[in-house]
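Structure below is structure_24.txt: compact mmCIF, C-alpha atoms.
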# COMPACT_ATOMS: atom_id res chain seq x y z
CA MET A 1460 0.00 0.00 0.00
CA LYS A 1461 2.89 2.37 0.77
CA LYS A 1462 4.26 2.00 -2.78
CA VAL A 1463 0.83 2.77 -4.25
CA MET A 1464 0.61 5.94 -2.19
CA VAL A 1465 4.09 7.05 -3.25
CA LEU A 1466 3.35 6.41 -6.94
CA MET A 1467 0.05 8.25 -6.84
CA ALA A 1468 1.79 11.12 -5.07
CA LEU A 1469 4.17 11.37 -8.03
CA VAL A 1470 1.24 11.70 -10.42
CA LEU A 1471 -0.33 14.35 -8.22
CA LEU A 1472 2.77 16.55 -8.33
CA PRO A 1473 3.14 19.37 -10.84
CA LEU A 1474 5.73 18.33 -13.42
CA ALA A 1475 7.72 21.49 -12.74
CA LEU A 1476 8.25 20.70 -9.05
CA GLY A 1477 10.57 18.28 -7.30
CA ALA A 1478 14.33 17.83 -7.16
CA GLN A 1479 14.23 14.73 -9.34
CA GLN A 1480 16.14 14.70 -12.59
CA LYS A 1481 13.78 14.66 -15.56
CA PHE A 1482 14.57 13.32 -19.03
CA ALA A 1483 12.49 13.33 -22.20
CA LEU A 1484 12.64 11.92 -25.72
CA VAL A 1485 10.59 13.92 -28.23
CA ILE A 1486 10.13 12.61 -31.79
CA GLY A 1487 8.35 14.43 -34.61
CA ASN A 1488 8.02 12.69 -37.98
CA GLY A 1489 6.38 14.54 -40.85
CA ALA A 1490 8.59 14.49 -43.98
CA TYR A 1491 7.71 10.97 -45.11
CA THR A 1492 9.31 9.88 -48.36
CA SER A 1493 7.16 6.86 -49.26
CA THR A 1494 3.77 7.87 -47.90
CA ARG A 1495 1.68 10.93 -47.13
CA GLU A 1496 3.57 13.79 -45.47
CA LEU A 1497 2.21 15.36 -42.29
CA ASN A 1498 2.23 19.10 -41.73
CA ASN A 1499 2.43 19.43 -37.96
CA PRO A 1500 4.57 16.77 -36.21
CA VAL A 1501 7.86 18.69 -36.52
CA ASN A 1502 6.16 21.80 -35.09
CA ASP A 1503 4.61 19.62 -32.40
CA ALA A 1504 8.00 18.21 -31.45
CA ASN A 1505 9.79 21.56 -31.40
CA ASP A 1506 7.06 23.13 -29.29
CA MET A 1507 6.93 20.13 -26.95
CA LYS A 1508 10.70 20.35 -26.45
CA ALA A 1509 10.40 23.99 -25.44
CA ALA A 1510 7.50 23.27 -23.08
CA LEU A 1511 9.25 20.37 -21.37
CA GLU A 1512 12.49 22.30 -21.01
CA GLY A 1513 10.44 24.98 -19.29
CA LEU A 1514 9.41 22.29 -16.79
CA GLY A 1515 13.02 21.30 -16.11
CA PHE A 1516 13.35 18.32 -18.46
CA ARG A 1517 16.54 17.54 -20.34
CA VAL A 1518 15.12 16.89 -23.81
CA ASP A 1519 16.51 14.72 -26.61
CA LEU A 1520 14.88 15.85 -29.88
CA VAL A 1521 14.58 13.63 -32.98
CA LEU A 1522 13.07 15.24 -36.08
CA ASN A 1523 12.08 13.22 -39.16
CA GLY A 1524 13.83 10.20 -37.72
CA SER A 1525 14.92 6.98 -39.36
CA LEU A 1526 14.32 3.71 -37.51
CA GLN A 1527 17.91 3.80 -36.28
CA ALA A 1528 17.55 7.36 -35.00
CA MET A 1529 14.33 6.47 -33.18
CA GLU A 1530 15.82 3.33 -31.61
CA ASP A 1531 18.95 5.23 -30.57
CA GLY A 1532 16.76 7.88 -28.94
CA VAL A 1533 14.89 5.28 -26.90
CA THR A 1534 18.17 3.72 -25.78
CA ARG A 1535 19.57 7.10 -24.73
CA LEU A 1536 16.43 7.81 -22.71
CA LYS A 1537 16.67 4.46 -20.95
CA ASN A 1538 20.36 5.01 -20.14
CA ARG A 1539 19.75 8.49 -18.76
CA LEU A 1540 16.90 7.29 -16.57
CA SER A 1541 18.96 4.32 -15.38
CA GLY A 1542 21.84 6.60 -14.39
CA ALA A 1543 19.76 8.98 -12.29
CA GLU A 1544 18.06 7.48 -9.25
CA GLY A 1545 14.43 8.50 -8.83
CA SER A 1546 14.28 10.23 -12.21
CA TYR A 1547 11.14 10.97 -14.23
CA GLY A 1548 10.84 10.02 -17.91
CA PHE A 1549 8.70 11.50 -20.70
CA PHE A 1550 8.36 10.01 -24.20
CA PHE A 1551 6.48 11.97 -26.87
CA TYR A 1552 5.84 10.93 -30.47
CA ALA A 1553 3.98 12.76 -33.24
CA GLY A 1554 3.72 11.22 -36.69
CA HIS A 1555 2.27 8.23 -38.50
CA GLY A 1556 1.43 5.22 -36.35
CA VAL A 1557 -0.40 2.02 -37.27
CA GLN A 1558 -1.56 -1.15 -35.61
CA SER A 1559 -1.19 -4.69 -36.89
CA GLU A 1560 -2.47 -7.82 -35.16
CA GLY A 1561 -2.79 -6.03 -31.84
CA GLU A 1562 0.64 -4.35 -31.98
CA ASN A 1563 1.33 -0.64 -32.45
CA TYR A 1564 4.11 0.66 -34.71
CA LEU A 1565 5.62 4.14 -35.08
CA ILE A 1566 6.66 4.83 -38.68
CA PRO A 1567 10.12 6.24 -39.57
CA VAL A 1568 10.10 8.92 -42.27
CA ASP A 1569 12.23 6.89 -44.70
CA ALA A 1570 10.39 3.59 -44.28
CA ALA A 1571 9.29 1.98 -47.55
CA ILE A 1572 6.90 -0.62 -46.18
CA GLN A 1573 5.58 -2.80 -49.00
CA GLY A 1574 3.25 -4.92 -46.87
CA GLU A 1575 1.92 -5.34 -43.34
CA SER A 1576 4.36 -8.14 -42.48
CA TYR A 1577 7.32 -5.79 -42.96
CA LEU A 1578 6.21 -3.51 -40.14
CA ARG A 1579 8.09 -5.68 -37.64
CA THR A 1580 11.46 -4.89 -39.22
CA LYS A 1581 10.92 -1.41 -40.70
CA ALA A 1582 8.97 0.41 -37.96
CA LEU A 1583 9.43 0.93 -34.23
CA PRO A 1584 7.14 -1.31 -32.14
CA VAL A 1585 5.67 0.70 -29.28
CA GLN A 1586 5.96 -2.33 -27.01
CA ALA A 1587 9.70 -2.61 -27.72
CA ALA A 1588 10.19 1.04 -26.78
CA LEU A 1589 8.20 0.56 -23.58
CA ASN A 1590 10.18 -2.55 -22.70
CA GLU A 1591 13.43 -0.60 -23.06
CA ILE A 1592 12.22 2.24 -20.87
CA LYS A 1593 10.93 -0.23 -18.29
CA GLN A 1594 14.47 -1.54 -17.81
CA ALA A 1595 15.49 1.80 -16.31
CA GLY A 1596 13.48 0.98 -13.17
CA ASN A 1597 12.71 4.64 -12.43
CA PRO A 1598 9.54 5.59 -10.51
CA LEU A 1599 7.53 7.42 -13.18
CA ASN A 1600 7.33 7.45 -16.98
CA VAL A 1601 4.79 9.35 -19.09
CA ILE A 1602 4.25 8.12 -22.66
CA VAL A 1603 2.34 10.35 -25.10
CA LEU A 1604 1.41 9.05 -28.57
CA ASP A 1605 -0.06 11.56 -31.02
CA ALA A 1606 0.17 8.89 -33.70
CA CYS A 1607 -3.36 7.77 -34.43
CA ARG A 1608 -3.86 9.22 -37.89
CA ASP A 1609 -5.33 7.13 -40.71
CA ASN A 1610 -3.15 4.23 -41.86
CA PRO A 1611 -1.36 5.80 -44.85
CA PHE A 1612 -0.40 2.59 -46.65
CA SER A 1613 -2.27 1.28 -49.67
CA TRP A 1614 -2.09 -2.27 -48.32
CA SER A 1615 -3.87 -1.36 -45.07
CA ARG A 1616 -7.10 -3.13 -44.27
CA GLY A 1617 -10.28 -1.35 -43.21
CA GLY A 1618 -9.98 -2.65 -39.65
CA SER A 1619 -6.55 -1.14 -38.94
CA ARG A 1620 -7.57 2.44 -38.13
CA GLY A 1621 -5.79 4.15 -35.26
CA LEU A 1622 -3.77 2.48 -32.54
CA THR A 1623 -4.73 -0.19 -30.05
CA VAL A 1624 -4.20 -0.43 -26.30
CA VAL A 1625 -0.68 -1.51 -25.36
CA GLY A 1626 -0.72 -5.18 -24.42
CA ALA A 1627 1.88 -5.03 -21.63
CA GLN A 1628 2.04 -1.58 -20.07
CA PRO A 1629 5.08 -1.13 -17.83
CA ALA A 1630 4.49 -0.62 -14.13
CA ASP A 1631 4.82 2.93 -12.83
CA SER A 1632 3.72 4.47 -16.14
CA LEU A 1633 1.06 6.72 -17.60
CA ILE A 1634 0.27 6.20 -21.30
CA VAL A 1635 -1.76 8.81 -23.17
CA TYR A 1636 -3.20 8.39 -26.68
CA ALA A 1637 -4.33 11.34 -28.78
CA THR A 1638 -7.58 9.49 -29.41
CA SER A 1639 -9.37 6.35 -28.27
CA THR A 1640 -8.40 2.90 -29.48
CA GLY A 1641 -9.29 2.15 -33.09
CA SER A 1642 -10.03 5.81 -33.83
CA THR A 1643 -8.06 8.45 -35.70
CA ALA A 1644 -6.70 11.83 -34.63
CA ALA A 1645 -6.68 15.11 -36.52
CA ASP A 1646 -3.37 16.44 -37.84
CA GLY A 1647 -4.73 19.93 -37.24
CA THR A 1648 -5.12 22.95 -39.49
CA GLY A 1649 -2.86 25.34 -37.58
CA ARG A 1650 0.70 25.05 -36.32
CA ASN A 1651 0.00 22.01 -34.12
CA GLY A 1652 -2.07 18.87 -34.20
CA LEU A 1653 -5.36 19.12 -32.35
CA PHE A 1654 -4.26 17.00 -29.40
CA THR A 1655 -0.75 18.40 -29.08
CA GLY A 1656 -1.99 21.98 -29.30
CA GLN A 1657 -4.28 21.42 -26.32
CA LEU A 1658 -1.57 19.52 -24.41
CA LEU A 1659 0.92 22.36 -24.88
CA LYS A 1660 -1.60 24.81 -23.46
CA ASN A 1661 -2.11 22.71 -20.35
CA LEU A 1662 1.59 21.96 -19.86
CA LYS A 1663 2.13 25.71 -19.64
CA THR A 1664 -0.61 26.20 -17.03
CA PRO A 1665 1.15 26.76 -13.67
CA GLY A 1666 0.52 24.36 -10.81
CA LEU A 1667 -1.40 21.63 -12.63
CA GLU A 1668 -0.83 18.10 -11.36
CA VAL A 1669 0.41 15.52 -13.85
CA TYR A 1670 -2.85 13.63 -14.18
CA ASP A 1671 -4.86 16.85 -14.38
CA ILE A 1672 -2.77 18.02 -17.33
CA PHE A 1673 -3.97 15.07 -19.37
CA ARG A 1674 -7.49 15.04 -17.99
CA ARG A 1675 -7.93 18.68 -19.00
CA THR A 1676 -6.30 18.04 -22.37
CA ALA A 1677 -8.70 15.18 -23.07
CA ALA A 1678 -11.69 17.37 -22.20
CA ASP A 1679 -10.38 20.23 -24.37
CA VAL A 1680 -9.80 17.95 -27.39
CA ARG A 1681 -13.23 16.39 -27.04
CA ARG A 1682 -14.83 19.82 -26.90
CA ALA A 1683 -12.79 21.24 -29.81
CA SER A 1684 -13.64 18.26 -32.03
CA ASP A 1685 -17.34 18.17 -31.10
CA GLY A 1686 -16.82 14.74 -29.59
CA LYS A 1687 -15.20 13.24 -32.68
CA GLN A 1688 -11.78 12.81 -31.02
CA ILE A 1689 -11.57 11.51 -27.46
CA PRO A 1690 -8.07 11.02 -25.99
CA ALA A 1691 -7.44 7.97 -23.80
CA ILE A 1692 -5.39 7.80 -20.60
CA TYR A 1693 -4.12 4.51 -19.16
CA SER A 1694 -2.48 4.41 -15.75
CA GLN A 1695 -0.38 1.57 -14.36
CA LEU A 1696 0.35 3.37 -11.13
CA SER A 1697 -2.01 1.67 -8.70
CA TYR A 1698 -1.73 -2.01 -9.55
CA GLU A 1699 0.90 -2.92 -6.96
CA ALA A 1700 0.32 -3.12 -3.23
Could you show the structure in this file as structure tokens?
Amino acid sequence: MKKVMVLMALVLLPLALGAQQKFALVIGNGAYTSTRELNNPVNDANDMKAALEGLGFRVDLVLNGSLQAMEDGVTRLKNRLSGAEGSYGFFFYAGHGVQSEGENYLIPVDAAIQGESYLRTKALPVQAALNEIKQAGNPLNVIVLDACRDNPFSWSRGGSRGLTVVGAQPADSLIVYATSTGSTAADGTGRNGLFTGQLLKNLKTPGLEVYDIFRRTAADVRRASDGKQIPAIYSQLSYEA
């Protein structure tokens, strides 16, 4: 019970407070070479970097990343979290993301994926990234995926819209999707995607607790989209006694 109380206390702290070291990996993929380009992910990533640095995070930024660049970023985040006791982690991705047979994949900008079976070798599995971060053993990680746009590949089937719920969520983590499972998210018509634009606003609101940032963001996105886009928040912070 004591561990549960400590973990929930972490979520109820403003991200800007605390003496803990804080590390983030921010990825924005928009300049795709073999599929539809996206207008906002690079802006989303640059703006998210600035917002997180304002909250005291040391941010590793990857723009228009290859698979190698994305994997290297995840490894660097894990190593930084592992080397700083009690540190907080934050992983943000904006860009194309697809699901296949219950697995989620984040698409590198240079990936030429000829068929669904090649996703496993040419895209970054979300579960693999989470497994890497889990190895750090730090008390709190926040994962934000603004990657639920329509599957851009011609081979995609009608049932593969959006992302699905992560099958094995690491303990001590909060995972936030830009929209609910199986649904798609808007890229946005301004500088930022719909979800990320609302998240940036709430990250900059002084004194908000971690969970409230995402709860407010979800409500703002739902209202701005007239209920067409409903973000999803999954917490693995109260499952251990």
Nearest residue to A:Asp1605 from the set A:His1555, A:Lys1581, A:Arg1675, A:Arg1495 (distances using only C-alpha atoms) |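 Of A:His1555, A:Lys1581, A:Arg1675, A:Arg1495, the one nearest A:Asp1605, counting only C-alpha atoms, is A:His1555.
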Which one of A:Gly1487, A:Gly1686, A:Gly1666, A:Gly1649 sits closest to A:Phe1551 if you count all atoms listed in the file?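 Residue with the minimum atom-to-atom distance to A:Phe1551: A:Gly1487.
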Of A:Gly1652, A:Gly1561, A:Gly1524, A:Gly1545, the one sitting nearest A:Leu1583 when using all atoms listed in the file is A:Gly1524
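Separating atom CA of A:Gln1688 from atom CA of A:Val1585 is a distance of 21.3 Å.
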| message | Counting only C-alpha atoms, find residues at most 6 Å from (1.3, 1.4, -31.5) (file frame) and give them as an MDAnalysis selection string. | response | chainID A and resid 1558 1562:1564 1585 1622
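Take atom CA of A:Asp1631 and atom CA of A:Leu1599: the distance between them is 5.3 Å.
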note - atom CA of A:Ile1692 and atom CA of A:Val1635 are separated by 4.6 Å
Report task. Go through A:Pro1690, A:Ala1582, A:Lys1663, A:Asp1519 and flag the residue nearest A:Thr1676, using only C-alpha atoms for the distances. Result ->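 Among A:Pro1690, A:Ala1582, A:Lys1663, A:Asp1519, it is A:Pro1690 that comes nearest to A:Thr1676.
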>> Taking all atoms listed in the file into account, name the residue in A:Asn1590, A:Asn1600, A:Asp1569, A:Asn1499 that is nearest to A:Leu1484.
In response: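 Under the stated criterion, the closest residue is A:Asn1600.
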